[in-house]
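Student: Coordinates in target27.txt, compact mmCIF, C-alpha atoms, are listed below.
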```txt
# COMPACT_ATOMS: atom_id res chain seq x y z
CA MET A 1 -35.52 -31.56 -95.29
CA ARG A 2 -35.08 -33.87 -98.25
CA SER A 3 -34.64 -37.55 -97.64
CA LEU A 4 -32.30 -39.97 -99.32
CA GLY A 5 -34.39 -41.39 -102.15
CA PRO A 6 -33.58 -43.08 -105.46
CA ASN A 7 -33.16 -39.68 -107.13
CA GLU A 8 -30.46 -38.64 -104.72
CA ILE A 9 -28.63 -41.96 -104.99
CA TRP A 10 -28.86 -41.80 -108.76
CA PHE A 11 -27.41 -38.26 -108.72
CA ILE A 12 -24.41 -39.50 -106.74
CA LEU A 13 -23.85 -42.61 -108.83
CA LEU A 14 -24.09 -40.69 -112.10
CA ALA A 15 -21.38 -38.32 -110.89
CA VAL A 16 -18.93 -41.20 -111.18
CA ARG A 17 -18.74 -40.38 -114.89
CA TRP A 18 -17.01 -37.10 -114.02
CA THR A 19 -14.57 -38.97 -111.80
CA LEU A 20 -13.79 -41.34 -114.67
CA LEU A 21 -13.58 -38.54 -117.23
CA LEU A 22 -11.22 -36.55 -115.03
CA SER A 23 -9.09 -39.67 -114.44
CA ILE A 24 -8.87 -40.29 -118.18
CA ALA A 25 -7.98 -36.66 -118.92
CA ALA A 26 -5.33 -36.62 -116.20
CA PHE A 27 -3.92 -39.96 -117.32
CA ALA A 28 -3.75 -38.80 -120.93
CA GLY A 29 -2.05 -35.55 -119.93
CA GLY A 30 0.21 -37.44 -117.56
CA THR A 31 1.20 -39.91 -120.29
CA VAL A 32 2.39 -37.13 -122.58
CA GLY A 33 4.14 -35.25 -119.77
CA GLY A 34 5.47 -38.43 -118.19
CA LEU A 35 7.05 -39.62 -121.44
CA LEU A 36 8.74 -36.26 -121.82
CA ILE A 37 10.01 -36.34 -118.23
CA ALA A 38 11.21 -39.95 -118.56
CA LEU A 39 13.11 -39.15 -121.77
CA MET A 40 14.62 -36.03 -120.22
CA ARG A 41 15.53 -37.91 -117.06
CA THR A 42 17.41 -40.59 -119.05
CA SER A 43 18.91 -38.15 -121.52
CA ARG A 44 22.62 -37.73 -122.25
CA PHE A 45 22.38 -34.01 -121.56
CA LYS A 46 22.98 -32.94 -117.99
CA GLY A 47 20.73 -29.87 -118.22
CA LEU A 48 17.73 -31.93 -119.33
CA ARG A 49 18.34 -34.52 -116.62
CA TRP A 50 18.52 -31.85 -113.96
CA ALA A 51 15.39 -30.10 -115.15
CA ALA A 52 13.52 -33.43 -115.01
CA ILE A 53 14.86 -34.19 -111.52
CA ALA A 54 13.81 -30.75 -110.28
CA TYR A 55 10.32 -31.23 -111.74
CA ILE A 56 9.92 -34.66 -110.15
CA LYS A 57 11.23 -33.52 -106.75
CA LEU A 58 8.95 -30.49 -106.78
CA PHE A 59 5.82 -32.50 -107.50
CA GLN A 60 6.74 -35.41 -105.22
CA GLY A 61 7.68 -33.04 -102.41
CA THR A 62 4.50 -30.95 -102.24
CA PRO A 63 0.91 -31.96 -101.49
CA LEU A 64 -1.37 -32.66 -104.44
CA LEU A 65 -3.96 -30.40 -102.84
CA MET A 66 -1.55 -27.45 -103.06
CA GLN A 67 -0.80 -28.33 -106.67
CA LEU A 68 -4.52 -28.22 -107.44
CA PHE A 69 -4.94 -24.88 -105.63
CA LEU A 70 -2.07 -23.40 -107.62
CA ALA A 71 -3.42 -24.86 -110.88
CA PHE A 72 -6.61 -23.02 -110.02
CA PHE A 73 -5.05 -19.65 -109.10
CA VAL A 74 -1.90 -19.35 -111.24
CA PRO A 75 -3.66 -19.14 -114.65
CA GLY A 76 -5.67 -16.21 -113.24
CA ILE A 77 -2.45 -14.27 -112.69
CA PHE A 78 -1.73 -14.47 -116.40
CA GLY A 79 -5.24 -13.38 -117.24
CA PHE A 80 -6.65 -16.82 -118.06
CA ASN A 81 -9.72 -17.84 -116.19
CA VAL A 82 -9.96 -21.57 -115.62
CA ASP A 83 -13.02 -23.34 -114.30
CA PRO A 84 -12.65 -26.10 -111.66
CA TRP A 85 -12.68 -28.75 -114.40
CA GLY A 86 -9.78 -27.15 -116.27
CA ALA A 87 -7.80 -26.55 -113.08
CA ALA A 88 -8.32 -30.11 -111.88
CA ALA A 89 -7.39 -31.63 -115.25
CA LEU A 90 -4.30 -29.40 -115.49
CA GLY A 91 -3.15 -29.95 -111.91
CA LEU A 92 -3.66 -33.71 -112.00
CA SER A 93 -1.91 -33.97 -115.39
CA LEU A 94 1.16 -32.13 -114.12
CA HIS A 95 1.10 -34.28 -110.98
CA ALA A 96 0.78 -37.51 -112.97
CA SER A 97 3.60 -36.44 -115.31
CA ALA A 98 6.06 -36.36 -112.42
CA PHE A 99 5.06 -39.76 -111.03
CA LEU A 100 4.72 -41.53 -114.39
CA GLY A 101 7.99 -39.95 -115.51
CA GLU A 102 9.78 -41.40 -112.51
CA ILE A 103 8.15 -44.82 -112.95
CA TRP A 104 9.00 -45.00 -116.64
CA ARG A 105 12.56 -43.77 -116.08
CA GLY A 106 13.08 -46.86 -113.94
CA CYS A 107 11.67 -49.09 -116.68
CA ILE A 108 13.91 -47.52 -119.32
CA GLU A 109 16.97 -47.93 -117.12
CA VAL A 110 16.26 -51.63 -116.56
CA VAL A 111 16.86 -52.29 -120.27
CA PRO A 112 20.46 -53.59 -120.32
CA LYS A 113 23.17 -51.29 -121.64
CA GLY A 114 24.20 -53.95 -124.15
CA GLN A 115 20.91 -53.40 -125.96
CA TRP A 116 21.84 -49.74 -126.53
CA GLU A 117 25.33 -50.66 -127.63
CA ALA A 118 24.16 -53.40 -129.97
CA SER A 119 21.59 -51.16 -131.59
CA SER A 120 24.02 -48.30 -132.07
CA ALA A 121 26.47 -50.80 -133.57
CA LEU A 122 23.68 -51.57 -136.04
CA GLY A 123 23.62 -47.88 -136.93
CA LEU A 124 20.39 -46.92 -135.17
CA ARG A 125 20.09 -43.37 -133.85
CA TYR A 126 18.44 -42.28 -130.60
CA TRP A 127 14.80 -42.13 -131.73
CA ASN A 128 14.93 -45.45 -133.55
CA GLN A 129 16.73 -47.09 -130.64
CA MET A 130 14.04 -45.81 -128.32
CA ARG A 131 11.19 -46.81 -130.59
CA HIS A 132 12.30 -50.24 -131.73
CA ILE A 133 14.65 -51.50 -129.01
CA VAL A 134 14.12 -49.83 -125.65
CA VAL A 135 10.44 -48.89 -125.41
CA PRO A 136 9.08 -52.32 -126.45
CA GLN A 137 11.12 -53.94 -123.67
CA ALA A 138 10.43 -51.24 -121.10
CA PHE A 139 6.69 -51.30 -121.89
CA ARG A 140 6.16 -54.80 -120.49
CA ILE A 141 7.82 -53.95 -117.19
CA ALA A 142 5.97 -50.63 -117.03
CA ILE A 143 2.44 -52.06 -117.05
CA PRO A 144 2.06 -53.13 -113.39
CA PRO A 145 3.39 -49.92 -111.77
CA THR A 146 1.55 -47.77 -114.30
CA VAL A 147 -1.78 -49.43 -113.54
CA GLY A 148 -0.92 -49.13 -109.85
CA PHE A 149 -0.43 -45.42 -110.29
CA LEU A 150 -3.69 -45.18 -112.23
CA VAL A 151 -5.45 -46.38 -109.08
CA GLN A 152 -3.71 -43.61 -107.13
CA LEU A 153 -4.79 -41.12 -109.77
CA ILE A 154 -8.44 -42.18 -109.69
CA LYS A 155 -8.45 -41.80 -105.93
CA ALA A 156 -6.65 -38.46 -106.26
CA THR A 157 -9.47 -37.04 -108.43
CA SER A 158 -11.53 -36.88 -105.22
CA LEU A 159 -9.44 -33.84 -104.24
CA ALA A 160 -10.91 -31.97 -107.20
CA SER A 161 -14.04 -31.72 -105.04
CA ILE A 162 -12.15 -29.31 -102.78
CA ILE A 163 -11.62 -26.83 -105.62
CA GLY A 164 -15.29 -27.17 -106.48
CA PHE A 165 -15.42 -29.66 -109.35
CA VAL A 166 -18.57 -31.76 -109.04
CA GLU A 167 -17.40 -35.36 -109.33
CA LEU A 168 -18.30 -38.34 -107.18
CA THR A 169 -17.04 -36.94 -103.85
CA ARG A 170 -18.49 -33.45 -104.40
CA ALA A 171 -21.85 -34.89 -105.50
CA ALA A 172 -21.93 -36.91 -102.29
CA GLN A 173 -21.20 -33.80 -100.23
CA VAL A 174 -23.94 -31.86 -102.01
CA ILE A 175 -26.50 -34.55 -101.30
CA ASN A 176 -25.23 -35.04 -97.77
CA ASN A 177 -25.70 -31.34 -97.05
CA ALA A 178 -29.35 -31.73 -98.01
CA VAL A 179 -30.28 -35.04 -96.38
CA PHE A 180 -27.52 -35.47 -93.77
CA GLN A 181 -27.01 -39.21 -93.81
CA PRO A 182 -23.20 -39.21 -93.95
CA PHE A 183 -22.63 -42.83 -92.99
CA THR A 184 -24.81 -44.20 -95.79
CA ILE A 185 -23.75 -41.66 -98.38
CA PHE A 186 -19.97 -41.76 -97.87
CA GLY A 187 -20.19 -45.53 -97.44
CA LEU A 188 -21.88 -45.75 -100.82
CA VAL A 189 -19.26 -43.49 -102.36
CA ALA A 190 -16.41 -45.50 -100.83
CA LEU A 191 -17.95 -48.63 -102.30
CA THR A 192 -18.19 -46.98 -105.72
CA TYR A 193 -14.50 -46.00 -105.68
CA PHE A 194 -13.68 -49.51 -104.51
CA ILE A 195 -15.56 -51.11 -107.40
CA VAL A 196 -13.61 -48.95 -109.86
CA CYS A 197 -10.18 -49.31 -108.23
CA TRP A 198 -10.05 -52.86 -106.91
CA PRO A 199 -10.05 -54.71 -110.25
CA LEU A 200 -7.23 -52.45 -111.44
CA SER A 201 -5.24 -53.15 -108.26
CA LEU A 202 -5.76 -56.89 -108.69
CA TYR A 203 -4.74 -56.72 -112.34
CA SER A 204 -1.61 -54.73 -111.48
CA ARG A 205 -0.59 -57.26 -108.81
CA ARG A 206 -1.28 -60.26 -111.07
CA MET A 207 0.84 -58.78 -113.86
CA GLU A 208 3.61 -58.02 -111.40
CA GLN A 209 3.68 -61.61 -110.16
CA LYS A 210 3.65 -62.93 -113.71
CA LEU A 211 6.55 -60.67 -114.62
CA ALA A 212 8.48 -61.68 -111.51
CA LEU A 213 8.06 -65.35 -112.46
CA ALA A 214 9.09 -64.70 -116.04
CA THR A 215 12.28 -62.88 -115.11
CA ARG A 216 13.34 -65.24 -112.34
CA MET B 217 0.09 -9.56 -116.90
CA ASN B 218 -1.06 -6.84 -114.56
CA TYR B 219 -1.45 -8.84 -111.41
CA VAL B 220 0.02 -7.13 -108.36
CA PHE B 221 1.69 -9.58 -106.00
CA GLU B 222 1.19 -8.90 -102.33
CA PHE B 223 3.22 -11.30 -100.31
CA GLY B 224 3.40 -8.85 -97.40
CA GLN B 225 -0.03 -9.87 -96.16
CA VAL B 226 1.03 -13.51 -96.16
CA PHE B 227 4.24 -12.94 -94.27
CA ALA B 228 2.35 -10.79 -91.78
CA ALA B 229 0.62 -14.01 -90.73
CA TRP B 230 3.93 -15.85 -90.27
CA ASP B 231 3.07 -16.92 -86.74
CA GLU B 232 -0.09 -18.68 -87.95
CA LEU B 233 1.87 -20.37 -90.72
CA LEU B 234 4.60 -21.50 -88.37
CA ALA B 235 2.06 -22.86 -85.91
CA GLY B 236 0.34 -24.66 -88.80
CA ALA B 237 3.62 -26.20 -89.95
CA LEU B 238 4.34 -27.43 -86.42
CA ARG B 239 0.85 -28.93 -86.22
CA THR B 240 1.45 -30.70 -89.52
CA LEU B 241 4.74 -32.05 -88.18
CA TRP B 242 3.09 -33.24 -85.00
CA LEU B 243 0.11 -34.75 -86.80
CA SER B 244 2.25 -36.68 -89.27
CA ALA B 245 4.81 -37.81 -86.69
CA ALA B 246 2.10 -39.03 -84.33
CA SER B 247 0.19 -40.87 -87.03
CA MET B 248 3.38 -42.41 -88.35
CA ALA B 249 4.34 -43.69 -84.88
CA ILE B 250 0.90 -45.11 -84.12
CA GLY B 251 0.53 -46.29 -87.72
CA LEU B 252 3.81 -48.18 -87.41
CA VAL B 253 2.47 -50.06 -84.38
CA VAL B 254 -0.71 -50.91 -86.31
CA ALA B 255 1.41 -52.01 -89.27
CA ILE B 256 3.67 -54.25 -87.19
CA ALA B 257 0.70 -55.84 -85.44
CA GLY B 258 -1.08 -56.29 -88.78
CA ALA B 259 2.01 -57.78 -90.42
CA LEU B 260 2.47 -60.26 -87.56
CA GLY B 261 -1.23 -61.17 -87.78
CA LYS B 262 -0.97 -61.62 -91.50
CA THR B 263 2.13 -63.79 -91.43
CA SER B 264 1.32 -65.94 -88.40
CA GLY B 265 -2.30 -65.34 -87.36
CA PRO B 266 -5.27 -67.68 -87.76
CA ARG B 267 -7.05 -67.81 -91.09
CA TRP B 268 -9.99 -65.57 -90.12
CA LEU B 269 -7.61 -62.88 -88.84
CA ARG B 270 -5.63 -62.94 -92.06
CA TRP B 271 -8.86 -62.55 -93.96
CA VAL B 272 -9.89 -59.53 -91.86
CA ILE B 273 -6.49 -57.89 -92.31
CA ASP B 274 -6.60 -58.49 -96.06
CA ALA B 275 -10.06 -56.92 -96.27
CA TYR B 276 -8.82 -53.90 -94.29
CA ILE B 277 -5.81 -53.44 -96.56
CA GLU B 278 -7.80 -53.73 -99.78
CA LEU B 279 -10.57 -51.46 -98.54
CA ILE B 280 -8.20 -48.67 -97.51
CA ARG B 281 -5.91 -48.92 -100.52
CA ASN B 282 -8.76 -48.75 -103.01
CA THR B 283 -10.69 -45.78 -101.63
CA PRO B 284 -9.63 -42.11 -101.48
CA PHE B 285 -8.23 -40.73 -98.23
CA LEU B 286 -10.70 -37.85 -98.44
CA ILE B 287 -13.62 -40.30 -98.23
CA GLN B 288 -11.93 -42.13 -95.36
CA ILE B 289 -11.61 -38.94 -93.36
CA PHE B 290 -15.24 -38.00 -94.12
CA MET B 291 -16.28 -41.45 -92.93
CA VAL B 292 -14.37 -40.98 -89.66
CA PHE B 293 -15.48 -37.41 -89.04
CA PHE B 294 -19.07 -37.37 -90.37
CA GLY B 295 -19.89 -41.07 -90.51
CA LEU B 296 -18.75 -42.36 -87.12
CA PRO B 297 -21.11 -40.11 -85.11
CA ALA B 298 -23.96 -42.08 -86.69
CA ILE B 299 -22.80 -45.11 -84.70
CA GLY B 300 -22.20 -43.05 -81.58
CA ILE B 301 -18.50 -42.17 -81.92
CA ARG B 302 -18.05 -38.41 -81.94
CA LEU B 303 -14.55 -37.04 -82.51
CA GLU B 304 -12.98 -33.59 -82.63
CA ALA B 305 -11.60 -32.63 -86.04
CA ASP B 306 -8.01 -33.12 -84.86
CA GLN B 307 -8.76 -36.54 -83.38
CA ALA B 308 -10.59 -37.58 -86.53
CA ALA B 309 -7.65 -36.45 -88.65
CA LEU B 310 -5.21 -38.45 -86.55
CA LEU B 311 -7.42 -41.55 -86.58
CA ALA B 312 -7.98 -41.37 -90.34
CA LEU B 313 -4.26 -40.94 -91.01
CA VAL B 314 -3.42 -43.89 -88.75
CA ILE B 315 -6.01 -46.11 -90.44
CA ASN B 316 -4.69 -45.05 -93.84
CA VAL B 317 -0.96 -45.43 -93.24
CA GLY B 318 -1.50 -48.68 -91.32
CA ALA B 319 -2.88 -50.36 -94.43
CA TYR B 320 0.17 -49.36 -96.50
CA GLY B 321 2.57 -50.10 -93.65
CA ILE B 322 1.42 -53.71 -93.18
CA GLU B 323 2.59 -54.71 -96.65
CA ILE B 324 5.91 -52.92 -96.17
CA ILE B 325 6.63 -54.57 -92.80
CA ARG B 326 5.52 -57.96 -94.09
CA ALA B 327 8.01 -57.66 -96.94
CA GLY B 328 10.68 -56.92 -94.35
CA ILE B 329 9.79 -59.98 -92.28
CA GLU B 330 9.76 -62.19 -95.35
CA SER B 331 13.10 -60.85 -96.57
CA ILE B 332 14.90 -62.71 -93.76
CA GLN B 333 15.83 -66.20 -94.84
CA LYS B 334 15.61 -69.01 -92.35
CA GLY B 335 19.11 -70.17 -93.19
CA GLN B 336 20.49 -66.88 -91.90
CA ILE B 337 19.01 -67.43 -88.45
CA GLU B 338 20.22 -71.04 -88.41
CA ALA B 339 23.69 -69.86 -89.36
CA GLY B 340 23.58 -67.43 -86.45
CA LYS B 341 22.65 -70.24 -84.09
CA ALA B 342 25.44 -72.39 -85.46
CA LEU B 343 27.89 -69.59 -84.70
CA GLY B 344 26.71 -69.71 -81.10
CA LEU B 345 25.10 -66.25 -81.09
CA HIS B 346 22.73 -65.33 -78.31
CA PRO B 347 19.06 -65.06 -79.43
CA LEU B 348 19.19 -61.31 -78.78
CA GLN B 349 22.32 -61.00 -80.91
CA ILE B 350 20.62 -62.98 -83.64
CA PHE B 351 17.59 -60.71 -83.48
CA ARG B 352 19.66 -57.55 -83.56
CA HIS B 353 22.30 -58.39 -86.17
CA ILE B 354 20.62 -61.01 -88.33
CA VAL B 355 16.93 -60.17 -88.22
CA LEU B 356 16.34 -56.54 -87.26
CA LYS B 357 19.05 -54.72 -89.14
CA PRO B 358 18.73 -56.43 -92.53
CA ALA B 359 14.93 -56.23 -92.28
CA LEU B 360 15.14 -52.51 -91.55
CA GLN B 361 17.61 -52.06 -94.40
CA ALA B 362 15.20 -53.84 -96.74
CA ILE B 363 12.13 -51.79 -95.87
CA TYR B 364 13.73 -48.46 -95.04
CA PRO B 365 13.32 -46.79 -98.44
CA SER B 366 9.62 -47.68 -98.80
CA LEU B 367 8.88 -46.89 -95.17
CA THR B 368 10.43 -43.43 -95.33
CA SER B 369 8.80 -42.49 -98.64
CA GLN B 370 5.51 -43.64 -97.13
CA PHE B 371 6.14 -41.24 -94.28
CA ILE B 372 6.74 -38.29 -96.60
CA LEU B 373 3.59 -39.23 -98.54
CA LEU B 374 1.72 -39.28 -95.23
CA MET B 375 3.01 -35.83 -94.34
CA LEU B 376 1.91 -34.44 -97.72
CA ASN B 377 -1.40 -36.29 -97.47
CA SER B 378 -2.14 -34.70 -94.11
CA SER B 379 -2.98 -31.50 -96.02
CA VAL B 380 -6.26 -33.22 -96.95
CA CYS B 381 -7.23 -33.03 -93.27
CA SER B 382 -7.97 -29.35 -93.91
CA ALA B 383 -11.20 -30.60 -95.52
CA ILE B 384 -12.60 -31.21 -92.04
CA ALA B 385 -10.84 -28.09 -90.68
CA ALA B 386 -8.37 -30.02 -88.54
CA SER B 387 -5.64 -27.65 -87.41
CA GLU B 388 -2.60 -28.01 -89.66
CA LEU B 389 -0.72 -26.04 -92.29
CA THR B 390 -3.28 -26.13 -95.13
CA ALA B 391 -6.10 -25.18 -92.79
CA ALA B 392 -3.99 -22.23 -91.62
CA ALA B 393 -3.57 -21.24 -95.27
CA ASN B 394 -7.32 -21.48 -95.82
CA ASP B 395 -7.95 -19.22 -92.83
CA ILE B 396 -5.45 -16.62 -93.98
CA GLN B 397 -6.72 -16.46 -97.55
CA ALA B 398 -10.32 -16.23 -96.35
CA ARG B 399 -9.30 -13.04 -94.53
CA ASN B 400 -7.16 -11.29 -97.11
CA PHE B 401 -8.18 -12.95 -100.42
CA ARG B 402 -4.53 -13.29 -101.51
CA SER B 403 -5.17 -16.90 -102.53
CA PHE B 404 -2.25 -17.35 -104.88
CA GLU B 405 0.30 -15.78 -102.54
CA VAL B 406 -0.86 -17.81 -99.53
CA TYR B 407 -0.90 -21.16 -101.32
CA PHE B 408 2.38 -20.42 -103.07
CA VAL B 409 4.14 -19.75 -99.78
CA VAL B 410 2.54 -22.76 -98.10
CA THR B 411 3.51 -25.03 -101.00
CA GLY B 412 7.06 -23.83 -100.48
CA MET B 413 6.80 -24.62 -96.78
CA TYR B 414 5.65 -28.16 -97.52
CA PHE B 415 8.55 -28.55 -99.91
CA VAL B 416 10.99 -27.43 -97.22
CA LEU B 417 9.44 -29.98 -94.85
CA SER B 418 9.90 -32.70 -97.49
CA LEU B 419 13.52 -31.70 -98.10
CA MET B 420 14.11 -31.77 -94.36
CA PHE B 421 12.73 -35.29 -94.07
CA TRP B 422 14.61 -36.52 -97.13
CA GLY B 423 17.78 -35.13 -95.55
CA ILE B 424 17.17 -36.65 -92.12
CA PHE B 425 16.17 -40.04 -93.54
CA ALA B 426 19.22 -40.17 -95.80
CA TRP B 427 21.46 -39.24 -92.88
CA VAL B 428 19.96 -41.96 -90.65
CA GLU B 429 20.43 -44.51 -93.42
CA ARG B 430 24.06 -43.52 -93.94
CA THR B 431 24.85 -43.50 -90.26
CA PHE B 432 22.97 -46.48 -88.86
CA LEU B 433 21.93 -48.75 -91.71
CA ARG B 434 25.03 -48.96 -93.83
CA GLN B 435 25.92 -52.24 -95.53
CA PRO B 436 27.69 -54.30 -94.38
CA ALA B 437 26.43 -54.10 -90.84
CA THR B 438 29.01 -52.45 -88.61
CA ARG B 439 29.13 -53.09 -84.90
```
Show this structure as structure tokens.
Tutor:
Amino acid sequence: MRSLGPNEIWFILLAVRWTLLLSIAAFAGGTVGGLLIALMRTSRFKGLRWAAIAYIKLFQGTPLLMQLFLAFFVPGIFGFNVDPWGAAALGLSLHASAFLGEIWRGCIEVVPKGQWEASSALGLRYWNQMRHIVVPQAFRIAIPPTVGFLVQLIKATSLASIIGFVELTRAAQVINNAVFQPFTIFGLVALTYFIVCWPLSLYSRRMEQKLALATR
Amino acid sequence: MNYVFEFGQVFAAWDELLAGALRTLWLSAASMAIGLVVAIAGALGKTSGPRWLRWVIDAYIELIRNTPFLIQIFMVFFGLPAIGIRLEADQAALLALVINVGAYGIEIIRAGIESIQKGQIEAGKALGLHPLQIFRHIVLKPALQAIYPSLTSQFILLMLNSSVCSAIAASELTAAANDIQARNFRSFEVYFVVTGMYFVLSLMFWGIFAWVERTFLRQPATR
């Protein structure tokens, strides 16, 4: 039986790069999808609003693990073979789109109606109103909850280990199967996640308090 | 697309799926109930406990909120035996869920406690209300109204999160799905149906929670 040496620890710690890469990919995908969902959700057209609501409900009403399983198996039905990395990135992106979409919808709706009216009185059309009037104001409010969700997303990448993508959690399992020192290994992994997530949580909370003071 | 769907083999295992769904319901309801007790105790400790206790509770909250649930459940199931605590998969799942939801619950309950302004209680006293009346109408109900939305969405999150307990083969809906697809290899069909079942569970809870809010927690407080 192997023992837990520097090589094994190094193997686990290096796997954090896959966790980070997957988080970045999912956040990037989720940003694109989330913007689309937020715009649809606040749109004037009923059909678009309903489609966005259905999408959000569906992804907020089913387990992420199931979403990842389906992201893994559904492309196969259409003849595309995805590897665990592709499935995880796809599933997490779709998941993040729903949550970010709902968060950003709230931020868009907080912008007072008078701002829309004033800018249309100035002759601005939808895209220019969004770009120059609404988004700059919504952006500031959106930072704390978005960073908060990023923490959720980083933690959520651990589920990619279940569909076989070797990131931090999976690397720990692989090593643990060889050396069987679960307390040390999963403790180390928990600490690694904590070091990544905690500063983001603190930042999110600080920004939230600052914003609350500014708007009081 | 020449994939042949075979849902028949999934529905043939309907009894396993139903049993799994009931286990999921039980697991999430039990961990919510126990988690709520942990959360209330933690919130009281955090608002009125001694300094060292507040520090411990803060450390607990931060630790749980900044690590994945999957690692927490591995710690409970694989890690605890190293210090002499050996649990069945189902017990480990329950314990991990309680530990997890407790950390989120504390902040929610604390917000509820802090939402009650002192002046409200003083006004109640000035009106000559009995302490129990004050607690019921001035403290409890508004506090519940304030935290109800976050508490209930936390519960639905918990229910969805319990699917992760399949990673240690605790008996619940996702584990049932894993068993079925290991037998018949209809992975897509099984997970598709089970996803639908989770969604129905969520809809059910959304419905029940909304009904409870309409009936018992409507503003202004009715007697």
Student: Could you name the residues that touch Arg302 (chain B) at 9 Å or less, counting only C-alpha atoms, but leaving out those on the same chain fewer than 6 positions away, as a CSV table (one decimal) with C-alpha atoms, in the frame of the given file?
Tutor:
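What ended up in around.csv:
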```csv
chain,number,residue,atom,x,y,z
B,292,VAL,CA,-14.4,-41.0,-89.7
B,293,PHE,CA,-15.5,-37.4,-89.0
B,294,PHE,CA,-19.1,-37.4,-90.4
B,296,LEU,CA,-18.8,-42.4,-87.1
B,308,ALA,CA,-10.6,-37.6,-86.5
```
Student: Using only C-alpha atoms, pick whichever of A:Arg140, A:Arg105, A:Lys155, A:Arg41 has the shortest atom-to-atom distance to chain B.
Tutor: A:Lys155
Student: Residues of chain A within 6 Å of chain B, counting all atoms listed in the file, what are they? List them as a PyMOL selection string.
Tutor: chain A and resi 61-63+66+73+77-78+155+182-183+190+193-194+197-198
Student: Hey, what's within 9 Å of Val226 (chain B) if we count all atoms listed in the file and toss same-chain stuff fewer than 3 positions away? As a PDB file with C-alpha atoms, keeping the file's coordinate frame, please?
Tutor:
```pdb
ATOM      1  CA  GLU B 222       1.190  -8.900-102.330  1.00  0.00           C
ATOM      2  CA  PHE B 223       3.220 -11.300-100.310  1.00  0.00           C
ATOM      3  CA  ALA B 229       0.620 -14.010 -90.730  1.00  0.00           C
ATOM      4  CA  TRP B 230       3.930 -15.850 -90.270  1.00  0.00           C
ATOM      5  CA  LEU B 233       1.870 -20.370 -90.720  1.00  0.00           C
ATOM      6  CA  ILE B 396      -5.450 -16.620 -93.980  1.00  0.00           C
ATOM      7  CA  GLN B 397      -6.720 -16.460 -97.550  1.00  0.00           C
ATOM      8  CA  ASN B 400      -7.160 -11.290 -97.110  1.00  0.00           C
ATOM      9  CA  ARG B 402      -4.530 -13.290-101.510  1.00  0.00           C
ATOM     10  CA  GLU B 405       0.300 -15.780-102.540  1.00  0.00           C
ATOM     11  CA  VAL B 406      -0.860 -17.810 -99.530  1.00  0.00           C
ATOM     12  CA  VAL B 409       4.140 -19.750 -99.780  1.00  0.00           C
TER      13      VAL B 409
END
```
Student: Please identify all polymer residues within 12 Å of Gly164 (chain A), counting only C-alpha atoms, omitting same-chain residues fewer than 5 positions from it, and present them as number ranges by chain.
Tutor: A: 68-69, 72, 82-88, 157-159, 169-171, 173-174
Student: For the selection you just gave me, I'd like the residues written to a file as a PDB file, in the frame of the given file, keeping C-alpha atoms.
Tutor:
```pdb
ATOM      1  CA  LEU A  68      -4.520 -28.220-107.440  1.00  0.00           C
ATOM      2  CA  PHE A  69      -4.940 -24.880-105.630  1.00  0.00           C
ATOM      3  CA  PHE A  72      -6.610 -23.020-110.020  1.00  0.00           C
ATOM      4  CA  VAL A  82      -9.960 -21.570-115.620  1.00  0.00           C
ATOM      5  CA  ASP A  83     -13.020 -23.340-114.300  1.00  0.00           C
ATOM      6  CA  PRO A  84     -12.650 -26.100-111.660  1.00  0.00           C
ATOM      7  CA  TRP A  85     -12.680 -28.750-114.400  1.00  0.00           C
ATOM      8  CA  GLY A  86      -9.780 -27.150-116.270  1.00  0.00           C
ATOM      9  CA  ALA A  87      -7.800 -26.550-113.080  1.00  0.00           C
ATOM     10  CA  ALA A  88      -8.320 -30.110-111.880  1.00  0.00           C
ATOM     11  CA  THR A 157      -9.470 -37.040-108.430  1.00  0.00           C
ATOM     12  CA  SER A 158     -11.530 -36.880-105.220  1.00  0.00           C
ATOM     13  CA  LEU A 159      -9.440 -33.840-104.240  1.00  0.00           C
ATOM     14  CA  THR A 169     -17.040 -36.940-103.850  1.00  0.00           C
ATOM     15  CA  ARG A 170     -18.490 -33.450-104.400  1.00  0.00           C
ATOM     16  CA  ALA A 171     -21.850 -34.890-105.500  1.00  0.00           C
ATOM     17  CA  GLN A 173     -21.200 -33.800-100.230  1.00  0.00           C
ATOM     18  CA  VAL A 174     -23.940 -31.860-102.010  1.00  0.00           C
TER      19      VAL A 174
END
```
Student: Some atoms are absent from region 263-268 of chain B, so rebuild N, CA and C atoms and return them as an mmCIF file, in the coordinates of the input.
Tutor:
```
data_model
loop_
_atom_site.group_PDB
_atom_site.id
_atom_site.type_symbol
_atom_site.label_atom_id
_atom_site.label_comp_id
_atom_site.auth_asym_id
_atom_site.auth_seq_id
_atom_site.Cartn_x
_atom_site.Cartn_y
_atom_site.Cartn_z
ATOM 1 N N THR B 263 1.174 -62.727 -91.143
ATOM 2 C CA THR B 263 2.130 -63.790 -91.430
ATOM 3 C C THR B 263 1.922 -65.004 -90.526
ATOM 4 N N SER B 264 1.404 -64.775 -89.284
ATOM 5 C CA SER B 264 1.320 -65.940 -88.400
ATOM 6 C C SER B 264 -0.014 -66.049 -87.653
ATOM 7 N N GLY B 265 -1.020 -65.267 -88.046
ATOM 8 C CA GLY B 265 -2.300 -65.340 -87.360
ATOM 9 C C GLY B 265 -3.179 -66.447 -87.908
ATOM 10 N N PRO B 266 -4.320 -66.699 -87.236
ATOM 11 C CA PRO B 266 -5.270 -67.680 -87.760
ATOM 12 C C PRO B 266 -5.902 -67.189 -89.064
ATOM 13 N N ARG B 267 -6.533 -68.098 -89.762
ATOM 14 C CA ARG B 267 -7.050 -67.810 -91.090
ATOM 15 C C ARG B 267 -8.049 -66.644 -91.112
ATOM 16 N N TRP B 268 -8.980 -66.633 -90.119
ATOM 17 C CA TRP B 268 -9.990 -65.570 -90.120
ATOM 18 C C TRP B 268 -9.354 -64.197 -89.932
#
```
